[in-house]
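Participant: Below you'll find entry.pdb; it's PDB, C-alpha atoms, pLDDT in the B column.
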```
MODEL        1
ATOM      1  CA  MET L 208     122.318 171.746 120.760  1.00 41.00           C
ATOM      2  CA  ALA L 209     121.012 175.140 119.685  1.00 55.00           C
ATOM      3  CA  ASN L 210     122.965 178.167 120.843  1.00 66.00           C
ATOM      4  CA  THR L 211     120.836 179.919 123.484  1.00 81.00           C
ATOM      5  CA  LEU L 212     121.565 183.637 123.649  1.00 89.00           C
ATOM      6  CA  ILE L 213     118.171 184.922 124.813  1.00 91.00           C
ATOM      7  CA  PRO L 214     117.112 184.182 128.412  1.00 88.00           C
ATOM      8  CA  ASP L 215     113.734 182.509 128.804  1.00 86.00           C
ATOM      9  CA  SER L 216     112.591 185.379 131.034  1.00 84.00           C
ATOM     10  CA  VAL L 217     113.000 187.960 128.243  1.00 90.00           C
ATOM     11  CA  PRO L 218     109.754 188.124 126.231  1.00 91.00           C
ATOM     12  CA  ARG L 219     109.711 187.696 122.476  1.00 91.00           C
ATOM     13  CA  LEU L 220     107.386 189.301 119.976  1.00 89.00           C
ATOM     14  CA  PRO L 221     106.377 187.245 116.909  1.00 90.00           C
ATOM     15  CA  VAL L 222     106.516 189.455 113.817  1.00 88.00           C
ATOM     16  CA  ASP L 223     105.476 188.809 110.242  1.00 87.00           C
ATOM     17  CA  LEU L 224     107.927 189.191 107.371  1.00 86.00           C
ATOM     18  CA  VAL L 225     106.460 191.232 104.523  1.00 83.00           C
ATOM     19  CA  ALA L 226     108.003 191.049 101.054  1.00 77.00           C
ATOM     20  CA  GLU L 227     109.111 194.336  99.542  1.00 71.00           C
ATOM     21  CA  PRO L 228     107.254 194.944  96.269  1.00 66.00           C
ATOM     22  CA  THR L 229     109.031 195.084  92.928  1.00 64.00           C
ATOM     23  CA  LEU L 230     107.820 196.377  89.589  1.00 62.00           C
ATOM     24  CA  GLY L 231     105.121 194.052  88.262  1.00 59.00           C
ATOM     25  CA  SER L 232     105.485 191.612  91.153  1.00 58.00           C
ATOM     26  CA  GLY L 233     101.783 191.296  91.952  1.00 61.00           C
ATOM     27  CA  PRO L 234     100.660 189.768  95.258  1.00 61.00           C
ATOM     28  CA  LEU L 235     103.619 188.901  97.462  1.00 62.00           C
ATOM     29  CA  PRO L 236     103.952 186.498 100.372  1.00 66.00           C
ATOM     30  CA  ARG L 237     103.576 187.471 104.018  1.00 76.00           C
ATOM     31  CA  LEU L 238     105.532 185.012 106.143  1.00 79.00           C
ATOM     32  CA  ALA L 239     104.380 184.329 109.691  1.00 81.00           C
ATOM     33  CA  ARG L 240     106.114 182.412 112.479  1.00 82.00           C
ATOM     34  CA  ARG L 241     109.609 182.867 110.998  1.00 87.00           C
ATOM     35  CA  LEU L 242     110.999 185.601 113.272  1.00 91.00           C
ATOM     36  CA  GLU L 243     110.676 186.661 116.913  1.00 93.00           C
ATOM     37  CA  LEU L 244     112.219 189.800 118.429  1.00 93.00           C
ATOM     38  CA  THR L 245     112.875 190.703 122.029  1.00 93.00           C
ATOM     39  CA  PRO L 246     112.129 194.207 123.263  1.00 92.00           C
ATOM     40  CA  VAL L 247     115.000 196.664 123.111  1.00 94.00           C
ATOM     41  CA  CYS L 248     116.511 196.067 126.568  1.00 94.00           C
ATOM     42  CA  ALA L 249     118.688 198.527 128.469  1.00 94.00           C
ATOM     43  CA  ASP L 250     120.827 198.192 131.603  1.00 92.00           C
ATOM     44  CA  ARG L 251     123.157 200.545 133.400  1.00 91.00           C
ATOM     45  CA  PRO L 252     126.828 199.509 133.072  1.00 90.00           C
ATOM     46  CA  ASP L 253     127.065 198.666 136.781  1.00 85.00           C
ATOM     47  CA  GLY L 254     124.070 196.317 136.492  1.00 81.00           C
ATOM     48  CA  VAL L 255     125.099 194.042 133.641  1.00 77.00           C
ATOM     49  CA  PHE L 256     126.279 190.465 133.855  1.00 64.00           C
ATOM     50  CA  PRO L 257     129.065 189.503 133.337  1.00 64.00           C
ATOM     51  CA  LYS L 258     130.093 192.541 135.353  1.00 71.00           C
ATOM     52  CA  LEU L 259     132.461 195.170 134.023  1.00 76.00           C
ATOM     53  CA  ASP L 260     135.650 195.463 136.014  1.00 81.00           C
ATOM     54  CA  LEU L 261     136.149 198.400 138.358  1.00 85.00           C
ATOM     55  CA  GLU L 262     138.594 200.140 136.038  1.00 85.00           C
ATOM     56  CA  GLU L 263     136.100 200.097 133.143  1.00 86.00           C
ATOM     57  CA  LEU L 264     133.279 201.375 135.374  1.00 88.00           C
ATOM     58  CA  GLN L 265     135.462 204.138 136.767  1.00 89.00           C
ATOM     59  CA  HIS L 266     136.418 205.210 133.244  1.00 89.00           C
ATOM     60  CA  LEU L 267     132.733 205.494 132.272  1.00 90.00           C
ATOM     61  CA  ASN L 268     131.905 207.380 135.466  1.00 89.00           C
ATOM     62  CA  ASP L 269     134.771 209.834 134.908  1.00 91.00           C
ATOM     63  CA  LEU L 270     133.763 210.369 131.275  1.00 90.00           C
ATOM     64  CA  GLY L 271     130.140 210.953 132.254  1.00 90.00           C
ATOM     65  CA  ALA L 272     131.056 213.450 134.962  1.00 91.00           C
ATOM     66  CA  ARG L 273     133.325 215.350 132.575  1.00 91.00           C
ATOM     67  CA  ASP L 274     130.888 215.524 129.653  1.00 89.00           C
ATOM     68  CA  GLN L 275     127.568 215.529 131.553  1.00 91.00           C
ATOM     69  CA  THR L 276     126.627 212.242 129.885  1.00 93.00           C
ATOM     70  CA  GLU L 277     125.553 208.738 130.918  1.00 94.00           C
ATOM     71  CA  PHE L 278     125.671 205.221 129.513  1.00 94.00           C
ATOM     72  CA  PHE L 279     123.281 202.378 128.726  1.00 94.00           C
ATOM     73  CA  VAL L 280     124.087 198.793 127.718  1.00 94.00           C
ATOM     74  CA  VAL L 281     121.523 198.049 124.992  1.00 95.00           C
ATOM     75  CA  ARG L 282     120.603 194.596 123.680  1.00 95.00           C
ATOM     76  CA  LEU L 283     118.206 193.157 121.115  1.00 95.00           C
ATOM     77  CA  GLY L 284     117.658 189.464 120.428  1.00 95.00           C
ATOM     78  CA  CYS L 285     116.389 187.928 117.183  1.00 95.00           C
ATOM     79  CA  ASP L 286     115.181 184.331 116.928  1.00 94.00           C
ATOM     80  CA  LEU L 287     115.128 182.976 113.360  1.00 93.00           C
ATOM     81  CA  LEU L 288     112.642 180.125 113.300  1.00 89.00           C
ATOM     82  CA  PRO L 289     112.555 177.214 110.840  1.00 84.00           C
ATOM     83  CA  GLY L 290     109.649 177.263 108.423  1.00 75.00           C
ATOM     84  CA  GLU L 291     107.174 174.515 107.728  1.00 72.00           C
ATOM     85  CA  GLY L 292     105.940 173.155 104.419  1.00 65.00           C
ATOM     86  CA  LYS L 293     106.084 175.753 101.668  1.00 58.00           C
ATOM     87  CA  ASP L 294     107.719 178.299 104.021  1.00 53.00           C
ATOM     88  CA  ALA L 295     110.650 176.083 104.984  1.00 61.00           C
ATOM     89  CA  GLU L 296     113.222 178.032 102.951  1.00 70.00           C
ATOM     90  CA  PRO L 297     116.273 179.393 104.821  1.00 81.00           C
ATOM     91  CA  PHE L 298     117.370 182.937 105.582  1.00 89.00           C
ATOM     92  CA  ASP L 299     120.094 184.401 103.365  1.00 90.00           C
ATOM     93  CA  GLU L 300     120.601 187.664 105.294  1.00 92.00           C
ATOM     94  CA  LEU L 301     119.378 189.442 108.413  1.00 94.00           C
ATOM     95  CA  GLY L 302     119.743 193.190 108.927  1.00 94.00           C
ATOM     96  CA  VAL L 303     119.279 195.006 112.265  1.00 95.00           C
ATOM     97  CA  PHE L 304     119.193 198.811 112.152  1.00 95.00           C
ATOM     98  CA  PHE L 305     119.019 201.181 115.137  1.00 96.00           C
ATOM     99  CA  LYS L 306     118.346 204.893 115.428  1.00 96.00           C
ATOM    100  CA  PHE L 307     119.000 206.641 118.751  1.00 97.00           C
ATOM    101  CA  GLU L 308     117.658 210.109 119.422  1.00 96.00           C
ATOM    102  CA  SER L 309     117.426 212.686 122.237  1.00 95.00           C
ATOM    103  CA  LEU L 310     115.049 215.383 121.042  1.00 91.00           C
ATOM    104  CA  GLY L 311     116.057 218.877 122.123  1.00 88.00           C
ATOM    105  CA  ALA L 312     119.312 217.740 123.712  1.00 88.00           C
ATOM    106  CA  PRO L 313     122.594 219.582 123.031  1.00 85.00           C
ATOM    107  CA  ARG L 314     124.116 216.337 121.733  1.00 89.00           C
ATOM    108  CA  GLN L 315     122.746 213.114 120.311  1.00 93.00           C
ATOM    109  CA  PRO L 316     123.346 209.587 121.625  1.00 96.00           C
ATOM    110  CA  THR L 317     126.064 207.490 120.009  1.00 96.00           C
ATOM    111  CA  ALA L 318     126.658 203.727 120.030  1.00 97.00           C
ATOM    112  CA  TRP L 319     130.024 202.157 120.838  1.00 94.00           C
ATOM    113  CA  ASN L 320     131.485 198.687 121.509  1.00 93.00           C
ATOM    114  CA  LEU L 321     129.247 197.025 118.936  1.00 95.00           C
ATOM    115  CA  ALA L 322     128.971 193.274 119.404  1.00 94.00           C
ATOM    116  CA  PRO L 323     129.279 191.113 117.502  1.00 94.00           C
ATOM    117  CA  GLN L 324     132.047 192.846 115.599  1.00 92.00           C
ATOM    118  CA  THR L 325     132.578 192.208 111.902  1.00 91.00           C
ATOM    119  CA  THR L 326     133.454 188.508 111.597  1.00 90.00           C
ATOM    120  CA  SER L 327     134.890 186.614 108.629  1.00 86.00           C
ATOM    121  CA  LEU L 328     135.102 182.964 107.673  1.00 76.00           C
ATOM    122  CA  PRO L 329     137.605 181.352 105.257  1.00 76.00           C
ATOM    123  CA  VAL L 330     135.833 179.677 102.334  1.00 65.00           C
ATOM    124  CA  LYS L 331     137.279 177.366  99.671  1.00 64.00           C
ATOM    125  CA  TYR L 332     135.812 177.376  96.157  1.00 56.00           C
ATOM    126  CA  GLY L 333     136.387 174.765  93.470  1.00 56.00           C
ATOM    127  CA  SER L 334     135.663 174.891  89.746  1.00 54.00           C
ATOM    128  CA  TRP L 335     135.945 172.396  86.886  1.00 50.00           C
ATOM    129  CA  SER L 336     137.221 173.132  83.385  1.00 50.00           C
ATOM    130  CA  LEU L 337     137.286 171.041  80.211  1.00 48.00           C
ATOM    131  CA  LYS L 338     140.514 170.972  78.213  1.00 50.00           C
ATOM    132  CA  ILE L 339     139.922 170.051  74.561  1.00 47.00           C
ATOM    133  CA  GLY L 340     142.520 169.172  71.918  1.00 48.00           C
ATOM    134  CA  LEU L 341     142.673 167.781  68.371  1.00 47.00           C
ATOM    135  CA  SER L 342     144.918 164.963  67.144  1.00 48.00           C
ATOM    136  CA  ALA L 343     147.654 165.656  64.637  1.00 50.00           C
ATOM    137  CA  GLY L 344     145.389 164.485  61.845  1.00 52.00           C
ATOM    138  CA  GLY L 345     142.638 166.740  62.928  1.00 50.00           C
ATOM    139  CA  VAL L 346     140.238 163.821  63.293  1.00 45.00           C
ATOM    140  CA  LYS L 347     140.276 162.693  66.895  1.00 46.00           C
ATOM    141  CA  LEU L 348     138.747 164.957  69.549  1.00 45.00           C
ATOM    142  CA  GLY L 349     139.999 164.404  73.098  1.00 49.00           C
ATOM    143  CA  GLY L 350     139.407 166.201  76.360  1.00 50.00           C
ATOM    144  CA  GLU L 351     140.169 166.036  80.056  1.00 55.00           C
ATOM    145  CA  MET L 352     138.610 167.606  83.095  1.00 51.00           C
ATOM    146  CA  GLY L 353     140.700 169.749  85.410  1.00 54.00           C
ATOM    147  CA  ARG L 354     139.813 171.177  88.837  1.00 52.00           C
ATOM    148  CA  SER L 355     141.151 174.391  90.313  1.00 55.00           C
ATOM    149  CA  ASP L 356     140.600 175.565  93.891  1.00 63.00           C
ATOM    150  CA  ARG L 357     140.803 179.022  95.392  1.00 63.00           C
ATOM    151  CA  GLU L 358     140.339 180.371  98.876  1.00 70.00           C
ATOM    152  CA  ALA L 359     138.461 183.514  99.882  1.00 73.00           C
ATOM    153  CA  VAL L 360     137.253 185.216 103.031  1.00 76.00           C
ATOM    154  CA  GLU L 361     133.566 185.956 103.462  1.00 85.00           C
ATOM    155  CA  GLU L 362     131.919 187.938 106.223  1.00 89.00           C
ATOM    156  CA  THR L 363     129.341 186.204 108.393  1.00 92.00           C
ATOM    157  CA  VAL L 364     128.579 189.457 110.240  1.00 94.00           C
ATOM    158  CA  ILE L 365     129.245 193.090 109.349  1.00 95.00           C
ATOM    159  CA  ALA L 366     128.872 195.686 112.123  1.00 96.00           C
ATOM    160  CA  SER L 367     129.009 199.311 111.013  1.00 96.00           C
ATOM    161  CA  LYS L 368     128.301 202.938 111.983  1.00 96.00           C
ATOM    162  CA  GLU L 369     130.042 202.611 115.350  1.00 96.00           C
ATOM    163  CA  GLY L 370     130.354 206.021 117.004  1.00 96.00           C
ATOM    164  CA  SER L 371     127.128 207.267 115.397  1.00 97.00           C
ATOM    165  CA  HIS L 372     123.443 207.239 116.366  1.00 96.00           C
ATOM    166  CA  LEU L 373     122.727 204.775 113.533  1.00 97.00           C
ATOM    167  CA  PRO L 374     124.510 201.481 114.355  1.00 97.00           C
ATOM    168  CA  ARG L 375     123.664 198.490 112.181  1.00 97.00           C
ATOM    169  CA  TRP L 376     124.442 194.811 111.692  1.00 97.00           C
ATOM    170  CA  THR L 377     124.105 192.483 108.717  1.00 96.00           C
ATOM    171  CA  PHE L 378     124.270 188.711 109.271  1.00 96.00           C
ATOM    172  CA  TYR L 379     124.973 186.426 106.278  1.00 93.00           C
ATOM    173  CA  SER L 380     124.310 182.744 105.669  1.00 90.00           C
ATOM    174  CA  ARG L 381     127.372 180.804 104.473  1.00 86.00           C
ATOM    175  CA  PRO L 382     127.664 177.135 103.445  1.00 83.00           C
ATOM    176  CA  ALA L 383     129.792 176.358 106.491  1.00 81.00           C
ATOM    177  CA  GLN L 384     127.633 178.475 108.810  1.00 86.00           C
ATOM    178  CA  PRO L 385     123.934 178.730 107.893  1.00 88.00           C
ATOM    179  CA  LEU L 386     121.962 181.644 109.293  1.00 91.00           C
ATOM    180  CA  SER L 387     119.472 180.296 111.824  1.00 90.00           C
ATOM    181  CA  GLY L 388     118.569 180.268 115.491  1.00 92.00           C
ATOM    182  CA  GLN L 389     119.210 183.087 117.939  1.00 94.00           C
ATOM    183  CA  GLN L 390     121.237 186.202 117.152  1.00 95.00           C
ATOM    184  CA  LEU L 391     122.072 188.889 119.714  1.00 94.00           C
ATOM    185  CA  VAL L 392     123.339 192.445 119.218  1.00 96.00           C
ATOM    186  CA  THR L 393     124.799 194.489 122.076  1.00 95.00           C
ATOM    187  CA  MET L 394     126.188 198.013 122.302  1.00 95.00           C
ATOM    188  CA  LEU L 395     127.139 200.739 124.760  1.00 95.00           C
ATOM    189  CA  VAL L 396     125.056 203.876 124.185  1.00 96.00           C
ATOM    190  CA  HIS L 397     126.593 207.201 125.256  1.00 95.00           C
ATOM    191  CA  ALA L 398     123.742 209.664 125.904  1.00 95.00           C
ATOM    192  CA  PRO L 399     123.251 213.214 127.241  1.00 94.00           C
ATOM    193  CA  LEU L 400     122.642 213.266 131.001  1.00 93.00           C
ATOM    194  CA  GLY L 401     119.021 213.457 132.137  1.00 90.00           C
ATOM    195  CA  GLN L 402     117.578 213.707 128.604  1.00 92.00           C
ATOM    196  CA  PRO L 403     115.040 211.308 127.037  1.00 91.00           C
ATOM    197  CA  VAL L 404     116.777 208.664 124.926  1.00 95.00           C
ATOM    198  CA  THR L 405     114.693 206.769 122.382  1.00 95.00           C
ATOM    199  CA  ALA L 406     115.763 203.739 120.387  1.00 96.00           C
ATOM    200  CA  GLU L 407     114.031 202.922 117.126  1.00 94.00           C
ATOM    201  CA  VAL L 408     114.734 199.529 115.556  1.00 93.00           C
ATOM    202  CA  ARG L 409     114.093 198.143 112.089  1.00 91.00           C
ATOM    203  CA  VAL L 410     114.758 194.575 110.968  1.00 92.00           C
ATOM    204  CA  SER L 411     114.971 193.295 107.401  1.00 89.00           C
ATOM    205  CA  ALA L 412     115.987 190.015 105.801  1.00 89.00           C
ATOM    206  CA  LYS L 413     116.557 188.133 102.583  1.00 86.00           C
ATOM    207  CA  ILE L 414     114.810 184.792 102.519  1.00 81.00           C
ATOM    208  CA  ARG L 415     114.239 182.142  99.887  1.00 71.00           C
ATOM    209  CA  VAL L 416     110.570 181.808  99.068  1.00 64.00           C
ATOM    210  CA  LYS L 417     109.271 179.114  96.725  1.00 62.00           C
ATOM    211  CA  LYS L 418     107.886 180.497  93.472  1.00 60.00           C
ATOM    212  CA  TYR L 419     109.425 183.928  94.191  1.00 60.00           C
ATOM    213  CA  GLY L 420     113.133 183.054  94.647  1.00 62.00           C
ATOM    214  CA  VAL L 421     115.223 185.187  97.017  1.00 65.00           C
ATOM    215  CA  ARG L 422     113.078 188.051  98.266  1.00 68.00           C
ATOM    216  CA  ASN L 423     113.819 191.108 100.367  1.00 76.00           C
ATOM    217  CA  VAL L 424     111.475 191.080 103.356  1.00 78.00           C
ATOM    218  CA  VAL L 425     110.887 193.545 106.193  1.00 80.00           C
ATOM    219  CA  ALA L 426     109.800 192.699 109.725  1.00 81.00           C
ATOM    220  CA  ASP L 427     106.391 194.223 110.402  1.00 79.00           C
ATOM    221  CA  VAL L 428     107.259 195.577 113.864  1.00 73.00           C
ATOM    222  CA  PRO L 429     104.365 197.500 115.481  1.00 66.00           C
ATOM    223  CA  ALA L 430     105.279 201.132 116.193  1.00 58.00           C
ATOM    224  CA  ILE L 431     104.736 200.681 119.926  1.00 54.00           C
ATOM    225  CA  ASP L 432     107.315 197.876 119.969  1.00 61.00           C
ATOM    226  CA  GLY L 433     109.743 199.411 117.465  1.00 69.00           C
ATOM    227  CA  ARG L 434     110.380 202.593 119.483  1.00 83.00           C
ATOM    228  CA  THR L 435     111.659 202.380 123.063  1.00 91.00           C
ATOM    229  CA  ASP L 436     112.628 204.851 125.801  1.00 93.00           C
ATOM    230  CA  LEU L 437     115.890 203.529 127.228  1.00 94.00           C
ATOM    231  CA  ARG L 438     115.098 204.941 130.673  1.00 92.00           C
ATOM    232  CA  THR L 439     112.014 202.760 131.014  1.00 92.00           C
ATOM    233  CA  ALA L 440     113.186 199.816 128.875  1.00 92.00           C
ATOM    234  CA  GLN L 441     113.170 196.292 130.239  1.00 90.00           C
ATOM    235  CA  PRO L 442     116.556 195.241 131.643  1.00 91.00           C
ATOM    236  CA  TRP L 443     118.414 192.239 130.302  1.00 89.00           C
ATOM    237  CA  GLY L 444     119.551 191.550 133.857  1.00 64.00           C
ATOM    238  CA  SER L 445     117.772 188.198 133.871  1.00 46.00           C
ATOM    239  CA  THR L 446     121.006 186.701 132.512  1.00 43.00           C
ATOM    240  CA  ARG L 447     122.369 186.799 136.070  1.00 42.00           C
ATOM    241  CA  PRO L 448     122.913 183.312 137.572  1.00 38.00           C
TER     242      PRO L 448
ENDMDL
END
```
The structure given in the file should be rewritten as structure tokens.

Facilitator:
Amino acid sequence: MANTLIPDSVPRLPVDLVAEPTLGSGPLPRLARRLELTPVCADRPDGVFPKLDLEELQHLNDLGARDQTEFFVVRLGCDLLPGEGKDAEPFDELGVFFKFESLGAPRQPTAWNLAPQTTSLPVKYGSWSLKIGLSAGGVKLGGEMGRSDREAVEETVIASKEGSHLPRWTFYSRPAQPLSGQQLVTMLVHAPLGQPVTAEVRVSAKIRVKKYGVRNVVADVPAIDGRTDLRTAQPWGSTRP
């Protein structure tokens, strides 16, 4: 069963993936129906589900009163859709980049408690080698195959820039965990009290495209959907039972 992270009541915007041009690349593919994004959703900490405990809420309230700041729980969902026919190739990477801004405010918003955090997966690699030797008379050539294994750790998600106004995530496809289906990013945004707080989002990916190989692609997010005022943003509160 597919992992459902995005409630049915949260709308999704289909976006095209546009290949980034390279020198001498000529016409490049524009992939439709491969990615859907939710709006940037924002809730107050006392309105999220599962609920924060009273001690956590009191800590945020005390911090806000001391610094003249306030908090938003911000979420964005991405739905990676399987392709059809010639566009059936999988995703290799998905990047989600935010920029928070309060124009004219004495301080800028910052993002904390990024989720998912950086996550790693143990991976085992094997390689074959051919051992060749000559007989004492120098006539007979013999060989045998040998296999050696090694283990490594590879990230499936990297979350970075916590504590800044530019948080970002990169999701990776791994043999044991292909990149597909729904992905959700969540953070706690610490913002100046009573000031406008805008969130700008950009999404990019690496995807295998027949004839072109692995291509860097960018989600063509309309400006009206890529920039959101957190004070008027849609809540994600529909996750309540």

Participant: Just checking: using all atoms listed in the file, which residue out of L:Val396, L:Leu437, L:Leu261, L:Val425 ends up closest to L:Val222?

Facilitator: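 The answer is L:Val425, which sits nearest to L:Val222.
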
Participant: Using 6 Å as the limit and counting only C-alpha atoms, can you tabulate each residue of stretch 239-314 of chain L that touches stretch 369-374 of chain L, with its shortest atom-to-atom distance in Å and the two atoms involved, as a tab-separated table?

Facilitator:
```
residue	atom	partner	partner_atom	distance
L:Phe305	CA	L:Leu373	CA	5.4
L:Lys306	CA	L:Leu373	CA	4.8
L:Phe307	CA	L:His372	CA	5.1
```

Participant: Dump C-alpha atoms for the selected residues as a PDB file, keeping the file's coordinate frame?

Facilitator:
```pdb
ATOM      1  CA  PHE L 305     119.019 201.181 115.137  1.00 96.00           C
ATOM      2  CA  LYS L 306     118.346 204.893 115.428  1.00 96.00           C
ATOM      3  CA  PHE L 307     119.000 206.641 118.751  1.00 97.00           C
TER       4      PHE L 307
END
```

Participant: Under the rule that all atoms listed in the file are counted, which of L:Gln402, L:Thr317, L:Thr377, L:Ser411 is the nearest residue to L:Leu242?

Facilitator: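 Distance minimum relative to L:Leu242 lands on L:Ser411.
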
Participant: With distances taken over all atoms listed in the file, which residue among L:Val281, L:Leu386, L:Leu391, L:Ile414 lies nearest L:Ala249?

Facilitator: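 Distance minimum relative to L:Ala249 lands on L:Val281.
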
Participant: Give as a list in words the residues that the PyMOL selection byres ((chain L and resi 380) around 10) matches when applied to the coordinates above.

Facilitator: Pro297, Phe298, Asp299, Glu300, Leu301, Glu362, Thr363, Val364, Phe378, Tyr379, Arg381, Pro382, Ala383, Gln384, Pro385, Leu386, Ser387 and Lys413 of chain L

Participant: For L:Pro442, which of L:Leu224, L:Leu287, L:Leu212, L:Val247 is the closest residue, counting all atoms listed in the file?

Facilitator: L:Val247

Participant: May I ask you to restore N, CA and C atoms in stretch 376-390 of chain L and write the result as a CSV table (one decimal), in the coordinates of the input?

Facilitator:
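Output (result_5.csv):
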```
chain,number,residue,atom,x,y,z
L,376,TRP,N,123.8,196.1,111.9
L,376,TRP,CA,124.4,194.8,111.7
L,376,TRP,C,123.8,194.1,110.5
L,377,THR,N,124.6,193.4,109.7
L,377,THR,CA,124.1,192.5,108.7
L,377,THR,C,124.7,191.1,108.9
L,378,PHE,N,123.9,190.1,109.1
L,378,PHE,CA,124.3,188.7,109.3
L,378,PHE,C,124.1,188.0,107.9
L,379,TYR,N,125.0,187.1,107.5
L,379,TYR,CA,125.0,186.4,106.3
L,379,TYR,C,125.0,184.9,106.5
L,380,SER,N,124.3,184.2,105.7
L,380,SER,CA,124.3,182.7,105.7
L,380,SER,C,125.4,182.3,104.8
L,381,ARG,N,126.3,181.4,105.3
L,381,ARG,CA,127.4,180.8,104.5
L,381,ARG,C,127.2,179.3,104.5
L,382,PRO,N,127.8,178.6,103.5
L,382,PRO,CA,127.7,177.1,103.4
L,382,PRO,C,128.2,176.5,104.7
L,383,ALA,N,129.3,177.0,105.3
L,383,ALA,CA,129.8,176.4,106.5
L,383,ALA,C,129.1,176.9,107.8
L,384,GLN,N,128.3,177.9,107.6
L,384,GLN,CA,127.6,178.5,108.8
L,384,GLN,C,126.3,179.1,108.4
L,385,PRO,N,125.3,178.2,108.3
L,385,PRO,CA,123.9,178.7,107.9
L,385,PRO,C,123.4,179.7,108.9
L,386,LEU,N,122.5,180.6,108.4
L,386,LEU,CA,122.0,181.6,109.3
L,386,LEU,C,120.7,181.1,109.9
L,387,SER,N,120.7,180.8,111.2
L,387,SER,CA,119.5,180.3,111.8
L,387,SER,C,119.6,180.5,113.3
L,388,GLY,N,118.5,180.2,114.0
L,388,GLY,CA,118.6,180.3,115.5
L,388,GLY,C,118.6,181.7,116.0
L,389,GLN,N,119.2,181.8,117.2
L,389,GLN,CA,119.2,183.1,117.9
L,389,GLN,C,120.4,183.9,117.6
L,390,GLN,N,120.2,185.2,117.4
L,390,GLN,CA,121.2,186.2,117.2
L,390,GLN,C,121.0,187.3,118.2
```
